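A.B. asks: Quick one: structure below, then a few questions.
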Amino acid sequence: MNRRFFSTALALAALSACTQTPARPYLPPSPVDRLGGLMEVSVVDRATGRELPIYRANGEYWVAGRPGARYALRLRNRMGERLMTVMSVDGVNVLTGETAGVQQNGYVLSGGERADIAGWRKSDSQIAAFEFTANGNSYASRTGRPDEVGVIGVAVFRERVAPPPPPPVPMPFPRRDGYSREESAPRGDFEARNKSMAPAPGAAPSASADSAAPSESAVAQSRSQPAPSLGTGHGRRETSYVGHTTFERLRSSPDEVVRIRYDSRENLVAAGVIPANPAPRWPRPAGPTPFPESEAGYVPDPPPRY
């Protein structure tokens, strides 16, 4: 009986200790490296070759840029078909230099293909590198379009595939008396048969236009931020080859849109997007004290045995 009571007391003591343990603090979700279902999108630091962490805060995705660093937008087609991407940085189409719209020209990737878009397209063989810079020095601000600085957009379109051609119509077999079956058929049936044999009209392909960069004009804008906000500059020229193709969209609206905002790490920490100091996974109890009593004196005698 005593043994059973002793075990129950231990169980009650353990339950009481569990209820007094403080709850673990909330941990923000871990950052991801890539976004997108049809087209996988990530931001790559070209100096290190590593993908920048993407943080989620208040329903939006953010990356922290470093002023002066060059970066690229890495795309990977996750489908087994061609996809077209209309890409914008700071509200500007990276291929044509127009104020971005989803119906403009873009890059076409084959099924499973991966590509790094590393700059503003200047020609079939050259780009101007993407680089993080001050807001006022961004390409969008210098061309008079500072309102959308700090955002990257990728609109993905699936392709309309033409149906296969109809099978060839078999030639009528002539009769032995010299008359074909069509000649002996009524006139109305013959005309209907000819209409069914007419080939279906094909869809007109869409041709891509040459890229054109707008002229630059000096425009600066300041914002009330803990540190100057970032934009994307018009960096040095680099060699990058592309070809031309035709692509007919399956529908007028994008099948997927990936939106990533960016700013300096200081600003993202100040805005609470990136935690300033990582919170501990659980609260640690106070450690033992080597000198619990600091009163001066000597070692006292022990209490008597009896």
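Labels for the structure tokens follow display order: chains A, B, ..., residues from 1 in each chain, ligands from 1.
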Report as an MDAnalysis selection string all protein, DNA and RNA residues lying within 10 Å of region 226-241 of chain A, evaluated on only C-alpha atoms, omitting residues in the same chain fewer than 6 positions from it.

C.D. replies: chainID A and resid 64:71 89:90 117:142 146 148:152 262:271

A.B. asks: Out of A:Val273, A:Pro168, A:Arg114, A:Arg145, which residue has the shortest atom-to-atom distance to Asn58 (chain A) when counting only C-alpha atoms?

C.D. replies: A:Val273

A.B. asks: For Gly37 (chain A), which residue among A:Asp255, A:Glu98, A:Glu248, A:Glu159 is the nearest when counting only C-alpha atoms?

C.D. replies: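 Selected residue with least distance to Gly37 (chain A): A:Asp255.
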
A.B. asks: Go ahead and compute the interatomic distance for CA of Leu75 (chain A) and CA of Ala115 (chain A), in Å to one decimal.

C.D. replies: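 Computed distance, CA of Leu75 (chain A) to CA of Ala115 (chain A), equals 5.3 Å.
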
A.B. asks: In Å, how far is it from CA of Gly80 (chain A) to CA of Glu51 (chain A)?

C.D. replies: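 CA of Glu51 (chain A) lies 24.1 Å from CA of Gly80 (chain A).
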
A.B. asks: For Tyr107 (chain A), which residue out of A:Arg50, A:Arg82, A:Arg56, A:Arg261 is the nearest one, using only C-alpha atoms?

C.D. replies: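 Ranked by minimum distance to Tyr107 (chain A), first place goes to A:Arg82.
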
A.B. asks: If you run DSSP over the backbone, which residues in region 239-279 of chain A end up alpha helix (DSSP H)? Put them as a list of chain:residue names.

C.D. replies: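 Those residues are A:Arg265, A:Glu266, A:Asn267, A:Leu268, A:Val269, A:Ala270.
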
A.B. asks: Taking N, CA and C atoms for each residue, export the selection above as a PDB file, in the first residue's frame.

C.D. replies:
ATOM      1  N   ARG A 265      19.504  45.019 -45.518  1.00  0.00           N
ATOM      2  CA  ARG A 265      19.285  44.220 -44.314  1.00  0.00           C
ATOM      3  C   ARG A 265      18.929  45.103 -43.121  1.00  0.00           C
ATOM      4  N   GLU A 266      19.551  46.284 -43.021  1.00  0.00           N
ATOM      5  CA  GLU A 266      19.263  47.193 -41.910  1.00  0.00           C
ATOM      6  C   GLU A 266      17.783  47.593 -41.910  1.00  0.00           C
ATOM      7  N   ASN A 267      17.260  47.903 -43.091  1.00  0.00           N
ATOM      8  CA  ASN A 267      15.861  48.301 -43.162  1.00  0.00           C
ATOM      9  C   ASN A 267      14.922  47.133 -42.864  1.00  0.00           C
ATOM     10  N   LEU A 268      15.276  45.942 -43.305  1.00  0.00           N
ATOM     11  CA  LEU A 268      14.413  44.797 -43.049  1.00  0.00           C
ATOM     12  C   LEU A 268      14.433  44.404 -41.570  1.00  0.00           C
ATOM     13  N   VAL A 269      15.572  44.588 -40.915  1.00  0.00           N
ATOM     14  CA  VAL A 269      15.620  44.335 -39.475  1.00  0.00           C
ATOM     15  C   VAL A 269      14.783  45.383 -38.735  1.00  0.00           C
ATOM     16  N   ALA A 270      14.911  46.655 -39.148  1.00  0.00           N
ATOM     17  CA  ALA A 270      14.135  47.715 -38.505  1.00  0.00           C
ATOM     18  C   ALA A 270      12.640  47.526 -38.705  1.00  0.00           C
TER      19      ALA A 270
END

A.B. asks: Using only C-alpha atoms, which of A:Val242, A:Ala72, A:Val258, A:Val92 sits nearest Ala155 (chain A)?

C.D. replies: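 The shortest atom-to-atom distance to Ala155 (chain A) comes from A:Val258.
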